[in-house]
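Student: What follows is the file structure32.txt, containing compact mmCIF, C-alpha atoms:
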# COMPACT_ATOMS: atom_id res chain seq x y z
CA ALA A 1 -140.29 -179.18 197.44
CA PRO A 2 -142.62 -179.83 194.51
CA ARG A 3 -143.17 -176.83 192.27
CA ARG A 4 -146.54 -175.28 192.96
CA GLU A 5 -148.62 -174.81 189.83
CA ASP A 6 -149.41 -171.29 188.71
CA PRO A 7 -152.89 -170.71 190.18
CA GLU A 8 -153.85 -168.19 187.50
CA ILE A 9 -156.02 -169.34 184.62
CA ARG A 10 -155.18 -167.29 181.54
CA SER A 11 -157.37 -166.40 178.59
CA PRO A 12 -156.57 -168.59 175.58
CA LEU A 13 -157.62 -165.85 173.15
CA ALA A 14 -158.66 -162.22 172.88
CA GLY A 15 -162.35 -161.45 173.07
CA THR A 16 -165.19 -160.55 175.43
CA LEU A 17 -165.39 -162.69 178.56
CA TYR A 18 -168.62 -163.79 180.20
CA PHE A 19 -168.93 -165.75 183.44
CA SER A 20 -172.52 -166.87 182.62
CA PRO A 21 -173.89 -168.71 179.58
CA SER A 22 -176.32 -165.85 178.83
CA PRO A 23 -177.64 -162.72 180.56
CA GLY A 24 -179.72 -163.52 183.62
CA GLU A 25 -178.38 -167.06 183.98
CA ALA A 26 -176.26 -168.25 186.88
CA ASP A 27 -172.49 -167.88 186.57
CA PHE A 28 -170.47 -170.96 185.64
CA VAL A 29 -168.37 -170.58 188.80
CA THR A 30 -168.25 -168.47 191.95
CA VAL A 31 -165.45 -167.66 194.38
CA GLY A 32 -165.04 -170.52 196.84
CA GLN A 33 -166.47 -173.12 194.47
CA VAL A 34 -164.56 -176.37 193.96
CA VAL A 35 -164.11 -177.23 190.28
CA GLU A 36 -163.10 -180.47 188.58
CA VAL A 37 -160.90 -180.84 185.52
CA GLY A 38 -162.96 -180.04 182.43
CA ALA A 39 -165.49 -177.81 184.22
CA THR A 40 -166.49 -174.74 182.22
CA LEU A 41 -165.15 -171.60 183.93
CA CYS A 42 -166.33 -168.94 181.48
CA VAL A 43 -166.85 -168.27 177.78
CA ILE A 44 -164.99 -165.85 175.56
CA GLU A 45 -166.75 -164.41 172.54
CA ALA A 46 -164.52 -163.79 169.56
CA MET A 47 -165.97 -163.06 166.11
CA LYS A 48 -169.46 -164.21 167.21
CA VAL A 49 -168.10 -167.59 168.36
CA PHE A 50 -168.33 -168.52 172.03
CA ASN A 51 -165.24 -170.39 173.19
CA GLU A 52 -165.52 -172.25 176.49
CA VAL A 53 -162.61 -171.95 178.90
CA LYS A 54 -162.35 -175.18 180.89
CA ALA A 55 -160.47 -175.98 184.08
CA GLU A 56 -157.19 -177.76 183.35
CA ARG A 57 -156.87 -178.83 186.98
CA ALA A 58 -159.15 -179.38 189.94
CA GLY A 59 -159.15 -176.85 192.75
CA THR A 60 -161.02 -174.05 194.46
CA VAL A 61 -161.86 -170.79 192.68
CA GLU A 62 -159.98 -168.19 194.75
CA ALA A 63 -160.65 -165.04 192.73
CA LEU A 64 -162.23 -163.71 189.56
CA LEU A 65 -159.67 -161.30 188.11
CA VAL A 66 -161.93 -159.69 185.49
CA THR A 67 -165.60 -158.74 185.29
CA SER A 68 -168.17 -160.42 183.06
CA GLY A 69 -168.42 -158.38 179.85
CA ASP A 70 -164.78 -157.26 179.97
CA ASP A 71 -162.58 -157.44 176.90
CA VAL A 72 -159.58 -159.67 177.58
CA ASP A 73 -156.32 -160.30 175.76
CA ALA A 74 -154.77 -163.68 175.02
CA GLY A 75 -152.61 -164.69 177.97
CA GLN A 76 -154.33 -162.31 180.40
CA PRO A 77 -155.02 -163.82 183.85
CA ILE A 78 -158.80 -164.18 184.22
CA LEU A 79 -159.25 -166.18 187.41
CA ARG A 80 -157.32 -168.03 190.07
CA VAL A 81 -157.83 -171.71 190.93
CA ALA A 82 -155.66 -173.27 193.63
Do you think you could lay out the structure here as structure tokens?
Tutor:
Amino acid sequence: APRREDPEIRSPLAGTLYFSPSPGEADFVTVGQVVEVGATLCVIEAMKVFNEVKAERAGTVEALLVTSGDDVDAGQPILRVA
């Protein structure tokens, strides 16, 4: 059987994660949404720089594993796309 890809998307760096571009704006993604490769999933602020986290594969967002505004560590699972 083909190896199933790890559905968890991990944070590429430590910082503060936000699921929307700015307060009051719609989130980049919601649970149940289908995303394409390259779609922005969230941004992580580190040292006043906002780093976009993009989907590396297409799929459906199954779960958000952290809350917008949370501090995350590099390698920490942040959402699940399968």
Student: From the list A:Ala63, A:Ala74, A:Cys42, A:Ala58, which residue is nearest Glu8 of chain A when using all atoms listed in the file?
Tutor: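 Looking at the shortest contact to Glu8 of chain A, the residue is A:Ala63.
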Student: Do you know which residues are at most 8 Å from Glu52 of chain A counting all atoms listed in the file, after dropping those on the same chain fewer than 4 positions away, and could you put them as a PDB file with C-alpha atoms, in the frame of the given file?
Tutor:
ATOM      1  CA  THR A  40    -166.490-174.740 182.220  1.00  0.00           C
ATOM      2  CA  LEU A  41    -165.150-171.600 183.930  1.00  0.00           C
ATOM      3  CA  CYS A  42    -166.330-168.940 181.480  1.00  0.00           C
ATOM      4  CA  VAL A  43    -166.850-168.270 177.780  1.00  0.00           C
ATOM      5  CA  ILE A  44    -164.990-165.850 175.560  1.00  0.00           C
TER       6      ILE A  44
END
Student: Using atom CA of Ala46 of chain A and atom CA of Ala14 of chain A as the two end points, give the distance in Å to one decimal.
Tutor: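 Going from atom CA of Ala46 of chain A over to atom CA of Ala14 of chain A, I get 6.9 Å.
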Student: Nearest residue to Gly38 of chain A out of A:Glu62, A:Asp73, A:Glu56, A:Asp6, using only C-alpha atoms?
Tutor: A:Glu56
Student: Mind pulling up the distance from atom CA of Val53 of chain A to atom CA of Val34 of chain A?
Tutor: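 Value for the atom CA of Val34 of chain A-atom CA of Val53 of chain A distance: 15.8 Å.
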Student: Name the closest residue to Pro21 of chain A among the candidates A:Ser68, A:Thr60, A:Gln33, A:Gln76; distances are taken between atoms, counting all atoms listed in the file.
Tutor: A:Ser68
Student: From the options A:Leu13, A:Ala55, A:Ala39, A:Val29, which residue's atoms come nearest to Gly75 of chain A, counting all atoms listed in the file?
Tutor: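 Looking at the shortest contact to Gly75 of chain A, the residue is A:Leu13.
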Student: Would you mind telling me which residue in A:Glu36, A:Lys48, A:Phe19, A:Val61 lies nearest to Ala82 of chain A when using all atoms listed in the file?
Tutor: A:Val61
Student: Atom CA of Val35 of chain A to atom CA of Leu17 of chain A: how many Å, to one decimal?
Tutor: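 Taking atom CA of Val35 of chain A as the start and atom CA of Leu17 of chain A as the end point, the length is 18.7 Å.
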